[in-house]
>>> print(open('target_28.csv').read())   # CSV, C-alpha atoms
chain,number,residue,atom,x,y,z
A,1,MET,CA,105.2,11.8,127.3
A,2,GLN,CA,101.4,11.9,126.7
A,3,LEU,CA,100.3,8.4,127.4
A,4,ASN,CA,97.1,7.0,125.8
A,5,PHE,CA,94.4,6.2,128.4
A,6,LYS,CA,90.7,5.5,128.9
A,7,LYS,CA,88.6,6.6,131.9
A,8,VAL,CA,85.7,4.7,133.4
A,9,GLY,CA,83.4,5.5,136.4
A,10,GLU,CA,83.5,8.1,139.1
A,11,GLY,CA,85.0,8.3,142.6
A,12,GLU,CA,88.4,7.7,144.1
A,13,PRO,CA,91.1,7.5,141.4
A,14,LEU,CA,92.5,4.1,140.5
A,15,VAL,CA,95.2,3.7,137.8
A,16,ILE,CA,95.8,0.4,136.1
A,17,LEU,CA,99.0,-0.5,134.3
A,18,HIS,CA,99.2,-3.5,131.9
A,19,GLY,CA,102.0,-5.9,131.4
A,20,LEU,CA,104.6,-6.5,128.7
A,21,PHE,CA,103.1,-6.9,125.2
A,22,GLY,CA,99.8,-5.8,126.6
A,23,SER,CA,97.6,-2.7,126.3
A,24,LEU,CA,94.9,-1.0,128.3
A,25,ASP,CA,92.2,-3.0,126.3
A,26,ASN,CA,93.3,-6.1,128.3
A,27,TRP,CA,91.8,-4.4,131.4
A,28,LEU,CA,88.7,-2.7,130.0
A,29,THR,CA,86.2,-5.3,131.2
A,30,LEU,CA,87.5,-5.3,134.8
A,31,ALA,CA,87.8,-1.4,134.7
A,32,LYS,CA,84.1,-1.2,133.9
A,33,LYS,CA,83.2,-3.3,136.9
A,34,LEU,CA,85.6,-1.3,139.2
A,35,GLY,CA,84.0,1.9,137.7
A,36,ASP,CA,81.0,1.3,139.9
A,37,TYR,CA,83.1,2.5,142.9
A,38,PHE,CA,86.2,4.3,141.4
A,39,GLU,CA,87.3,6.7,138.7
A,40,VAL,CA,89.4,4.1,136.8
A,41,PHE,CA,92.2,5.2,134.5
A,42,ILE,CA,93.6,2.3,132.3
A,43,VAL,CA,96.8,3.4,130.6
A,44,ASP,CA,98.9,2.3,127.7
A,45,GLY,CA,102.6,2.2,128.7
A,46,ARG,CA,105.3,3.7,126.5
A,47,ASN,CA,106.1,1.5,123.5
A,48,HIS,CA,102.7,-0.2,123.9
A,49,GLY,CA,99.1,0.2,122.7
A,50,GLN,CA,98.5,3.7,121.3
A,51,SER,CA,101.1,5.5,123.5
A,52,PRO,CA,104.2,7.0,121.9
A,53,HIS,CA,107.3,4.9,121.0
A,54,SER,CA,110.7,5.8,122.5
A,55,ASN,CA,114.2,4.3,122.5
A,56,GLU,CA,114.2,4.8,126.3
A,57,PHE,CA,112.6,1.8,127.9
A,58,ASN,CA,113.2,1.1,131.6
A,59,TYR,CA,111.4,1.2,134.9
A,60,ASP,CA,112.7,4.6,136.0
A,61,VAL,CA,111.4,6.3,132.8
A,62,MET,CA,108.1,4.4,133.1
A,63,ALA,CA,107.7,5.5,136.7
A,64,ASP,CA,108.4,9.1,135.5
A,65,ASP,CA,105.8,8.6,132.8
A,66,LEU,CA,103.3,7.7,135.4
A,67,TYR,CA,104.1,10.7,137.5
A,68,GLU,CA,103.7,12.9,134.5
A,69,PHE,CA,100.4,11.2,133.7
A,70,LEU,CA,99.1,12.0,137.1
A,71,MET,CA,100.2,15.6,136.9
A,72,GLN,CA,98.7,16.1,133.4
A,73,ASN,CA,95.3,14.7,134.5
A,74,GLY,CA,95.1,16.3,138.0
A,75,ILE,CA,95.0,12.9,139.7
A,76,VAL,CA,95.8,13.2,143.4
A,77,ASP,CA,96.6,10.3,145.8
A,78,PRO,CA,95.5,7.5,143.5
A,79,ILE,CA,95.5,3.7,144.1
A,80,ILE,CA,98.0,2.2,141.6
A,81,LEU,CA,97.5,-1.3,140.2
A,82,GLY,CA,100.0,-3.0,137.9
A,83,HIS,CA,100.3,-6.4,136.4
A,84,SER,CA,103.7,-8.0,135.5
A,85,MET,CA,105.7,-5.2,133.9
A,86,GLY,CA,103.1,-2.8,135.0
A,87,GLY,CA,103.4,-4.1,138.5
A,88,LYS,CA,107.2,-3.5,138.5
A,89,THR,CA,106.5,0.0,137.1
A,90,ALA,CA,104.0,0.6,140.0
A,91,MET,CA,106.6,-0.6,142.6
A,92,GLN,CA,109.3,1.6,141.1
A,93,PHE,CA,106.8,4.5,141.2
A,94,ALA,CA,106.2,3.7,144.9
A,95,MET,CA,110.0,3.8,145.5
A,96,ASN,CA,110.5,7.1,143.6
A,97,TYR,CA,107.3,8.9,144.5
A,98,PRO,CA,106.0,7.3,147.8
A,99,ASN,CA,103.9,10.4,148.7
A,100,LYS,CA,102.1,10.4,145.3
A,101,LEU,CA,99.9,7.3,145.8
A,102,LYS,CA,97.5,6.0,148.5
A,103,LYS,CA,97.7,2.3,148.0
A,104,LEU,CA,99.5,-0.2,145.8
A,105,ILE,CA,98.3,-3.4,144.1
A,106,VAL,CA,100.9,-5.6,142.4
A,107,VAL,CA,99.7,-8.6,140.3
A,108,ASP,CA,102.0,-11.6,139.8
A,109,ILE,CA,105.4,-9.9,139.9
A,110,ALA,CA,108.0,-9.7,142.7
A,111,PRO,CA,110.4,-6.8,143.5
A,112,LYS,CA,113.4,-8.8,142.1
A,113,ALA,CA,115.4,-9.4,138.9
A,114,TYR,CA,114.2,-12.0,136.4
A,115,PRO,CA,116.3,-13.8,133.8
A,116,VAL,CA,115.2,-13.3,130.2
A,117,HIS,CA,112.4,-15.7,129.5
A,118,HIS,CA,110.6,-14.3,126.5
A,119,THR,CA,113.1,-15.5,123.9
A,120,GLU,CA,110.7,-17.8,122.0
A,121,ILE,CA,107.9,-15.1,122.0
A,122,LEU,CA,110.3,-12.5,120.6
A,123,ASP,CA,111.8,-14.8,118.1
A,124,GLY,CA,108.3,-15.8,116.9
A,125,MET,CA,107.2,-12.2,116.5
A,126,LEU,CA,110.5,-11.2,114.8
A,127,SER,CA,110.1,-14.0,112.3
A,128,LEU,CA,106.9,-12.5,111.0
A,129,ASP,CA,107.5,-10.7,107.7
A,130,LEU,CA,104.7,-8.2,107.7
A,131,GLU,CA,105.6,-7.1,104.2
A,132,VAL,CA,104.3,-10.5,103.1
A,133,ILE,CA,101.9,-11.6,105.8
A,134,ASN,CA,98.7,-9.7,105.6
A,135,THR,CA,96.2,-11.7,107.7
A,136,ARG,CA,96.1,-12.6,111.3
A,137,LYS,CA,95.5,-16.2,110.3
A,138,GLU,CA,98.8,-16.3,108.4
A,139,ALA,CA,100.5,-14.6,111.4
A,140,ASP,CA,99.1,-17.1,113.8
A,141,LYS,CA,100.3,-20.0,111.6
A,142,GLN,CA,103.9,-18.6,111.6
A,143,LEU,CA,103.8,-17.9,115.3
A,144,SER,CA,102.7,-21.4,116.1
A,145,ASN,CA,106.2,-22.6,115.0
A,146,TYR,CA,107.5,-20.8,118.0
A,147,ILE,CA,104.6,-20.6,120.5
A,148,SER,CA,102.4,-23.6,121.0
A,149,ASP,CA,100.0,-22.1,123.5
A,150,ILE,CA,97.0,-20.7,121.6
A,151,SER,CA,96.0,-18.2,124.2
A,152,THR,CA,99.4,-16.6,124.2
A,153,ARG,CA,99.3,-16.3,120.5
A,154,GLN,CA,95.9,-14.7,120.6
A,155,PHE,CA,97.1,-12.3,123.3
A,156,LEU,CA,100.0,-11.2,121.1
A,157,LEU,CA,98.0,-11.0,117.9
A,158,LYS,CA,95.6,-8.5,119.5
A,159,ASN,CA,98.5,-6.1,119.0
A,160,LEU,CA,98.5,-6.4,115.2
A,161,HIS,CA,96.6,-3.6,113.5
A,162,TRP,CA,96.0,-2.3,109.9
A,163,ILE,CA,98.1,0.7,109.1
A,164,THR,CA,96.9,0.7,105.4
A,165,GLN,CA,94.6,-1.7,103.5
A,166,GLY,CA,96.3,-5.1,103.5
A,167,LYS,CA,99.3,-3.9,105.6
A,168,LEU,CA,99.7,-5.1,109.2
A,169,ALA,CA,102.0,-3.7,111.9
A,170,TRP,CA,102.6,-4.2,115.6
A,171,ARG,CA,101.2,-1.6,117.9
A,172,PHE,CA,104.0,-2.1,120.4
A,173,ASN,CA,107.6,-1.1,119.6
A,174,LEU,CA,109.0,-4.6,118.9
A,175,PRO,CA,112.6,-3.6,118.0
A,176,VAL,CA,113.1,-1.6,121.3
A,177,ILE,CA,111.4,-4.2,123.4
A,178,ASN,CA,113.6,-6.9,121.9
A,179,ASN,CA,116.8,-4.8,122.5
A,180,GLN,CA,115.8,-3.8,126.0
A,181,ILE,CA,114.3,-7.1,127.2
A,182,GLU,CA,117.1,-7.6,129.8
A,183,THR,CA,116.3,-4.2,131.2
A,184,ILE,CA,112.7,-5.2,131.7
A,185,GLY,CA,113.9,-8.1,133.8
A,186,GLN,CA,115.8,-5.9,136.2
A,187,GLY,CA,114.9,-5.5,139.9
A,188,LEU,CA,113.8,-2.3,141.7
A,189,GLU,CA,116.2,0.6,142.2
A,190,ASN,CA,116.2,3.4,144.8
A,191,ILE,CA,114.8,0.9,147.3
A,192,ASP,CA,113.3,2.2,150.5
A,193,PRO,CA,110.5,0.5,152.5
A,194,PHE,CA,107.1,1.6,151.3
A,195,GLU,CA,104.9,1.8,154.4
A,196,LYS,CA,101.5,2.2,152.8
A,197,SER,CA,98.9,-0.5,152.3
A,198,THR,CA,99.9,-2.9,149.6
A,199,LEU,CA,98.3,-6.0,148.1
A,200,PHE,CA,100.2,-8.7,146.1
A,201,ILE,CA,98.1,-11.1,144.1
A,202,ARG,CA,99.9,-14.1,142.7
A,203,GLY,CA,99.0,-17.0,140.5
A,204,GLU,CA,99.5,-20.4,142.1
A,205,LYS,CA,100.4,-22.0,138.7
A,206,SER,CA,102.8,-19.1,137.8
A,207,ASN,CA,106.4,-18.9,138.8
A,208,TYR,CA,106.6,-15.2,139.0
A,209,ILE,CA,106.0,-15.0,142.7
A,210,THR,CA,107.2,-18.0,144.7
A,211,ALA,CA,107.2,-18.7,148.4
A,212,THR,CA,110.9,-17.7,148.5
A,213,ASP,CA,109.9,-14.2,147.4
A,214,PHE,CA,107.7,-13.5,150.4
A,215,LYS,CA,110.7,-12.4,152.5
A,216,ILE,CA,111.8,-9.7,150.1
A,217,ILE,CA,108.2,-8.6,149.5
A,218,ASN,CA,107.6,-8.2,153.3
A,219,LYS,CA,110.9,-6.4,153.7
A,220,ILE,CA,110.3,-3.7,151.0
A,221,PHE,CA,106.5,-3.6,151.6
A,222,PRO,CA,106.1,-4.1,155.3
A,223,ASN,CA,102.4,-3.2,155.3
A,224,SER,CA,101.6,-5.8,152.6
A,225,GLN,CA,99.5,-8.9,152.2
A,226,ILE,CA,99.9,-11.7,149.7
A,227,LYS,CA,96.9,-13.5,148.2
A,228,THR,CA,97.0,-16.5,145.9
A,229,LEU,CA,94.6,-17.6,143.2
A,230,ASN,CA,94.5,-20.9,141.4
A,231,SER,CA,95.7,-19.5,138.1
A,232,GLY,CA,98.7,-18.8,135.8
A,233,HIS,CA,100.4,-15.5,135.2
A,234,TRP,CA,97.3,-13.7,133.7
A,235,VAL,CA,95.5,-13.9,137.0
A,236,HIS,CA,92.8,-11.2,136.2
A,237,ALA,CA,91.9,-13.0,132.9
A,238,GLU,CA,91.9,-16.5,134.2
A,239,LYS,CA,90.1,-15.9,137.5
A,240,PRO,CA,88.1,-12.6,136.9
A,241,VAL,CA,85.4,-13.2,139.6
A,242,GLU,CA,87.8,-14.2,142.3
A,243,PHE,CA,90.3,-11.5,141.3
A,244,LEU,CA,87.6,-8.8,141.5
A,245,GLN,CA,86.6,-10.1,145.0
A,246,LEU,CA,90.1,-9.8,146.2
A,247,LEU,CA,90.4,-6.2,144.8
A,248,ASN,CA,87.1,-5.1,146.3
A,249,SER,CA,88.0,-6.6,149.7
A,250,PHE,CA,91.3,-4.7,149.7
A,251,LEU,CA,90.0,-1.5,148.2
A,252,LEU,CA,86.8,-1.1,150.1
A,253,ASN,CA,87.8,-2.5,153.5
A,254,SER,CA,91.5,-1.8,154.1
>>> encode(input="target_28.csv", output="structure tokens")
Amino acid sequence: MQLNFKKVGEGEPLVILHGLFGSLDNWLTLAKKLGDYFEVFIVDGRNHGQSPHSNEFNYDVMADDLYEFLMQNGIVDPIILGHSMGGKTAMQFAMNYPNKLKKLIVVDIAPKAYPVHHTEILDGMLSLDLEVINTRKEADKQLSNYISDISTRQFLLKNLHWITQGKLAWRFNLPVINNQIETIGQGLENIDPFEKSTLFIRGEKSNYITATDFKIINKIFPNSQIKTLNSGHWVHAEKPVEFLQLLNSFLLNS
């Protein structure tokens, strides 16, 4: 699969993977800052952004997508950074291809299974009749019946785009994501301790990585450190300065 991507900067390769319902654009601002020191590749995952859609949607195929992306672009021994779904993909890549990356950074996701918890978001998006709704304002109004948080709605609505004049569509593959949402909650497979340097960054106000997860993180990633920022799940967006400081400390000094 030919994944859509953007490249910023020069130097050691750093690949960034976004989370569920996201796209590479969510990371562009940070990528430009990291581009002062690294050759940064921000990538749209399958069924997201401008990458191809597919009925296959699980962490093994997304890890294979990443391997293929590295081969296609001649990227050797990169640092891999992933947030949420992208973090789980990055961890699965480290399990499947441990010799194909130099360091790993995982943002607010643990190497465990999660119960389905996107029901309201999916129900809200599925409720939008895009044959009738032809403005983001109308879409936002409809979504507000399901999703009260304005920032979450704005994040989702960034994925609406015009396919023809007056005709909106989702960039991500909503039917497949909805059908495979339990798969996206699954834990890692092919588990073997990953010995290379790893950084976990968690949001203190998020419940994705809790103190009870530290044991399994340290077992699977024995050469890891866990850092906490005073934020929710979108750590990089909520605390961009502090997040960049943590990254630079790990990337440049470890």
>>> residues_around(input="target_28.csv", residues="Asn190 of chain A", least_positions_apart="4", cutoff="12 Å", atoms="only C-alpha atoms", output="list in words")
Tyr59, Asp60, Ala63, Met91, Gln92, Phe93, Ala94, Met95, Asn96, Tyr97, Pro98, Pro111, Phe194 and Ile220 of chain A
>>> closest_atom_pairs(input="target_28.csv", of="segment 40-101 of chain A", to="segment 24-27 of chain A", cutoff="6 Å", atoms="all atoms listed in the file", output="JSON lines")
{"residue": "A:Ile42", "atom": "CA", "partner": "A:Leu24", "partner_atom": "CA", "distance": 5.3}
{"residue": "A:Val43", "atom": "CA", "partner": "A:Leu24", "partner_atom": "CA", "distance": 5.3}
{"residue": "A:Asp44", "atom": "CA", "partner": "A:Leu24", "partner_atom": "CA", "distance": 5.2}
>>> atom_distance(input="target_28.csv", atom1="atom CA of Ala169 of chain A", atom2="atom CA of His118 of chain A")
20.0 Å
>>> residues_around(input="target_28.csv", residues="segment 146-155 of chain A", least_positions_apart="3", cutoff="8 Å", atoms="only C-alpha atoms", output="ChimeraX atom specification")
/A:22,120-121,123-124,140,142-143,158-159
>>> atom_distance(input="target_28.csv", atom1="atom CA of Val132 of chain A", atom2="atom CA of Leu157 of chain A")
16.1 Å
>>> closest_residue(input="target_28.csv", among="A:Gly185, A:Thr89, A:Glu56, A:Leu252", to="Glu12 of chain A", atoms="all atoms listed in the file")
A:Leu252
>>> closest_residue(input="target_28.csv", among="A:Phe200, A:Phe57, A:Phe5, A:Tyr37", to="Lys103 of chain A", atoms="all atoms listed in the file")
A:Phe200
>>> closest_residue(input="target_28.csv", among="A:Ile109, A:Leu30, A:Met125, A:Leu17", to="Lys239 of chain A", atoms="only C-alpha atoms")
A:Leu30
>>> residues_around(input="target_28.csv", residues="segment 52-54 of chain A", least_positions_apart="6", cutoff="12 Å", atoms="all atoms listed in the file", output="PyMOL selection string")
chain A and resi 1-5+43-46+61-62+65+170-177+180
>>> closest_residue(input="target_28.csv", among="A:Thr29, A:Ser84, A:Asn134, A:Asn248", to="Ile163 of chain A", atoms="only C-alpha atoms")
A:Asn134
>>> residues_near_point(input="target_28.csv", point="(92.1, -8.8, 146.8)", cutoff="9 Å", atoms="all atoms listed in the file", output="PDB file with C-alpha atoms, keeping the file's coordinate frame")
ATOM      1  CA  ILE A 105      98.300  -3.400 144.100  1.00  0.00           C
ATOM      2  CA  LEU A 199      98.300  -6.000 148.100  1.00  0.00           C
ATOM      3  CA  PHE A 200     100.200  -8.700 146.100  1.00  0.00           C
ATOM      4  CA  ILE A 201      98.100 -11.100 144.100  1.00  0.00           C
ATOM      5  CA  ILE A 226      99.900 -11.700 149.700  1.00  0.00           C
ATOM      6  CA  LYS A 227      96.900 -13.500 148.200  1.00  0.00           C
ATOM      7  CA  GLU A 242      87.800 -14.200 142.300  1.00  0.00           C
ATOM      8  CA  PHE A 243      90.300 -11.500 141.300  1.00  0.00           C
ATOM      9  CA  LEU A 244      87.600  -8.800 141.500  1.00  0.00           C
ATOM     10  CA  GLN A 245      86.600 -10.100 145.000  1.00  0.00           C
ATOM     11  CA  LEU A 246      90.100  -9.800 146.200  1.00  0.00           C
ATOM     12  CA  LEU A 247      90.400  -6.200 144.800  1.00  0.00           C
ATOM     13  CA  ASN A 248      87.100  -5.100 146.300  1.00  0.00           C
ATOM     14  CA  SER A 249      88.000  -6.600 149.700  1.00  0.00           C
ATOM     15  CA  PHE A 250      91.300  -4.700 149.700  1.00  0.00           C
ATOM     16  CA  LEU A 251      90.000  -1.500 148.200  1.00  0.00           C
TER      17      LEU A 251
END
>>> atom_distance(input="target_28.csv", atom1="atom CA of Val76 of chain A", atom2="atom CA of Val106 of chain A")
19.5 Å
>>> closest_residue(input="target_28.csv", among="A:Glu238, A:Ala113, A:Trp162, A:Lys100", to="Ile133 of chain A", atoms="all atoms listed in the file")
A:Trp162
>>> residues_around(input="target_28.csv", residues="Ile216 of chain A", least_positions_apart="4", cutoff="10 Å", atoms="all atoms listed in the file", output="ChimeraX atom specification")
/A:110-112,212,220-222
>>> residues_near_point(input="target_28.csv", point="(94.8, -8.1, 136.8)", cutoff="8 Å", atoms="all atoms listed in the file", output="number ranges by chain")
A: 27, 82-83, 107, 234-237, 243
>>> closest_residue(input="target_28.csv", among="A:Val40, A:Leu122, A:Leu34, A:Leu14", to="Pro78 of chain A", atoms="only C-alpha atoms")
A:Leu14
>>> decode(input="target_28.csv", residues="segment 74-108 of chain A", atoms="N, CA and C atoms", output="PDB file, in the first residue's frame")
ATOM      1  N   GLY A  74      13.313   4.173   1.291  1.00  0.00           N
ATOM      2  CA  GLY A  74      14.719   4.011   1.642  1.00  0.00           C
ATOM      3  C   GLY A  74      15.066   4.527   3.030  1.00  0.00           C
ATOM      4  N   ILE A  75      14.136   4.362   3.971  1.00  0.00           N
ATOM      5  CA  ILE A  75      14.338   4.857   5.336  1.00  0.00           C
ATOM      6  C   ILE A  75      14.960   3.742   6.172  1.00  0.00           C
ATOM      7  N   VAL A  76      16.148   3.996   6.712  1.00  0.00           N
ATOM      8  CA  VAL A  76      16.895   2.977   7.443  1.00  0.00           C
ATOM      9  C   VAL A  76      17.016   3.378   8.902  1.00  0.00           C
ATOM     10  N   ASP A  77      16.700   2.447   9.796  1.00  0.00           N
ATOM     11  CA  ASP A  77      16.898   2.620  11.238  1.00  0.00           C
ATOM     12  C   ASP A  77      16.254   3.902  11.767  1.00  0.00           C
ATOM     13  N   PRO A  78      14.959   4.099  11.511  1.00  0.00           N
ATOM     14  CA  PRO A  78      14.321   5.337  11.959  1.00  0.00           C
ATOM     15  C   PRO A  78      13.922   5.289  13.430  1.00  0.00           C
ATOM     16  N   ILE A  79      13.632   6.455  13.969  1.00  0.00           N
ATOM     17  CA  ILE A  79      12.909   6.576  15.224  1.00  0.00           C
ATOM     18  C   ILE A  79      11.426   6.581  14.853  1.00  0.00           C
ATOM     19  N   ILE A  80      10.612   5.792  15.540  1.00  0.00           N
ATOM     20  CA  ILE A  80       9.182   5.709  15.257  1.00  0.00           C
ATOM     21  C   ILE A  80       8.413   6.316  16.426  1.00  0.00           C
ATOM     22  N   LEU A  81       7.542   7.265  16.122  1.00  0.00           N
ATOM     23  CA  LEU A  81       6.684   7.898  17.123  1.00  0.00           C
ATOM     24  C   LEU A  81       5.230   7.675  16.729  1.00  0.00           C
ATOM     25  N   GLY A  82       4.417   7.222  17.667  1.00  0.00           N
ATOM     26  CA  GLY A  82       3.005   7.011  17.367  1.00  0.00           C
ATOM     27  C   GLY A  82       2.118   7.443  18.514  1.00  0.00           C
ATOM     28  N   HIS A  83       0.986   8.045  18.177  1.00  0.00           N
ATOM     29  CA  HIS A  83       0.001   8.467  19.177  1.00  0.00           C
ATOM     30  C   HIS A  83      -1.229   7.581  19.101  1.00  0.00           C
ATOM     31  N   SER A  84      -1.683   7.083  20.241  1.00  0.00           N
ATOM     32  CA  SER A  84      -2.925   6.318  20.330  1.00  0.00           C
ATOM     33  C   SER A  84      -2.893   5.139  19.353  1.00  0.00           C
ATOM     34  N   MET A  85      -3.793   5.055  18.392  1.00  0.00           N
ATOM     35  CA  MET A  85      -3.757   3.978  17.407  1.00  0.00           C
ATOM     36  C   MET A  85      -2.396   3.901  16.738  1.00  0.00           C
ATOM     37  N   GLY A  86      -1.811   5.052  16.434  1.00  0.00           N
ATOM     38  CA  GLY A  86      -0.471   5.078  15.843  1.00  0.00           C
ATOM     39  C   GLY A  86       0.581   4.541  16.791  1.00  0.00           C
ATOM     40  N   GLY A  87       0.386   4.773  18.099  1.00  0.00           N
ATOM     41  CA  GLY A  87       1.298   4.220  19.084  1.00  0.00           C
ATOM     42  C   GLY A  87       1.203   2.712  19.175  1.00  0.00           C
ATOM     43  N   LYS A  88      -0.013   2.190  19.085  1.00  0.00           N
ATOM     44  CA  LYS A  88      -0.190   0.731  19.087  1.00  0.00           C
ATOM     45  C   LYS A  88       0.411   0.129  17.812  1.00  0.00           C
ATOM     46  N   THR A  89       0.237   0.808  16.683  1.00  0.00           N
ATOM     47  CA  THR A  89       0.861   0.357  15.433  1.00  0.00           C
ATOM     48  C   THR A  89       2.374   0.336  15.578  1.00  0.00           C
ATOM     49  N   ALA A  90       2.936   1.398  16.170  1.00  0.00           N
ATOM     50  CA  ALA A  90       4.382   1.476  16.353  1.00  0.00           C
ATOM     51  C   ALA A  90       4.881   0.353  17.254  1.00  0.00           C
ATOM     52  N   MET A  91       4.135   0.051  18.325  1.00  0.00           N
ATOM     53  CA  MET A  91       4.529  -1.046  19.211  1.00  0.00           C
ATOM     54  C   MET A  91       4.466  -2.384  18.489  1.00  0.00           C
ATOM     55  N   GLN A  92       3.405  -2.595  17.688  1.00  0.00           N
ATOM     56  CA  GLN A  92       3.311  -3.853  16.946  1.00  0.00           C
ATOM     57  C   GLN A  92       4.429  -3.967  15.927  1.00  0.00           C
ATOM     58  N   PHE A  93       4.806  -2.837  15.311  1.00  0.00           N
ATOM     59  CA  PHE A  93       5.943  -2.831  14.397  1.00  0.00           C
ATOM     60  C   PHE A  93       7.212  -3.245  15.130  1.00  0.00           C
ATOM     61  N   ALA A  94       7.397  -2.745  16.356  1.00  0.00           N
ATOM     62  CA  ALA A  94       8.575  -3.113  17.142  1.00  0.00           C
ATOM     63  C   ALA A  94       8.576  -4.598  17.497  1.00  0.00           C
ATOM     64  N   MET A  95       7.388  -5.184  17.676  1.00  0.00           N
ATOM     65  CA  MET A  95       7.297  -6.621  17.928  1.00  0.00           C
ATOM     66  C   MET A  95       7.650  -7.411  16.663  1.00  0.00           C
ATOM     67  N   ASN A  96       7.120  -6.974  15.524  1.00  0.00           N
ATOM     68  CA  ASN A  96       7.269  -7.723  14.273  1.00  0.00           C
ATOM     69  C   ASN A  96       8.599  -7.472  13.577  1.00  0.00           C
ATOM     70  N   TYR A  97       9.122  -6.264  13.721  1.00  0.00           N
ATOM     71  CA  TYR A  97      10.346  -5.861  13.002  1.00  0.00           C
ATOM     72  C   TYR A  97      11.322  -5.158  13.957  1.00  0.00           C
ATOM     73  N   PRO A  98      11.761  -5.819  15.012  1.00  0.00           N
ATOM     74  CA  PRO A  98      12.565  -5.139  16.037  1.00  0.00           C
ATOM     75  C   PRO A  98      13.889  -4.585  15.532  1.00  0.00           C
ATOM     76  N   ASN A  99      14.393  -5.115  14.433  1.00  0.00           N
ATOM     77  CA  ASN A  99      15.676  -4.654  13.905  1.00  0.00           C
ATOM     78  C   ASN A  99      15.536  -3.541  12.869  1.00  0.00           C
ATOM     79  N   LYS A 100      14.302  -3.065  12.663  1.00  0.00           N
ATOM     80  CA  LYS A 100      14.064  -2.061  11.623  1.00  0.00           C
ATOM     81  C   LYS A 100      13.813  -0.663  12.189  1.00  0.00           C
ATOM     82  N   LEU A 101      14.048  -0.482  13.480  1.00  0.00           N
ATOM     83  CA  LEU A 101      13.919   0.853  14.062  1.00  0.00           C
ATOM     84  C   LEU A 101      14.991   1.049  15.120  1.00  0.00           C
ATOM     85  N   LYS A 102      15.310   2.327  15.366  1.00  0.00           N
ATOM     86  CA  LYS A 102      16.365   2.665  16.326  1.00  0.00           C
ATOM     87  C   LYS A 102      15.806   2.920  17.715  1.00  0.00           C
ATOM     88  N   LYS A 103      14.737   3.706  17.787  1.00  0.00           N
ATOM     89  CA  LYS A 103      14.084   4.058  19.053  1.00  0.00           C
ATOM     90  C   LYS A 103      12.582   4.090  18.831  1.00  0.00           C
ATOM     91  N   LEU A 104      11.856   4.035  19.941  1.00  0.00           N
ATOM     92  CA  LEU A 104      10.400   4.024  19.879  1.00  0.00           C
ATOM     93  C   LEU A 104       9.838   5.060  20.853  1.00  0.00           C
ATOM     94  N   ILE A 105       8.843   5.816  20.385  1.00  0.00           N
ATOM     95  CA  ILE A 105       8.137   6.769  21.242  1.00  0.00           C
ATOM     96  C   ILE A 105       6.646   6.477  21.136  1.00  0.00           C
ATOM     97  N   VAL A 106       6.005   6.238  22.259  1.00  0.00           N
ATOM     98  CA  VAL A 106       4.590   5.878  22.301  1.00  0.00           C
ATOM     99  C   VAL A 106       3.845   6.937  23.113  1.00  0.00           C
ATOM    100  N   VAL A 107       2.825   7.532  22.508  1.00  0.00           N
ATOM    101  CA  VAL A 107       2.110   8.629  23.153  1.00  0.00           C
ATOM    102  C   VAL A 107       0.714   8.174  23.575  1.00  0.00           C
ATOM    103  N   ASP A 108       0.511   8.089  24.864  1.00  0.00           N
ATOM    104  CA  ASP A 108      -0.773   7.863  25.535  1.00  0.00           C
ATOM    105  C   ASP A 108      -1.539   6.646  25.022  1.00  0.00           C
TER     106      ASP A 108
END
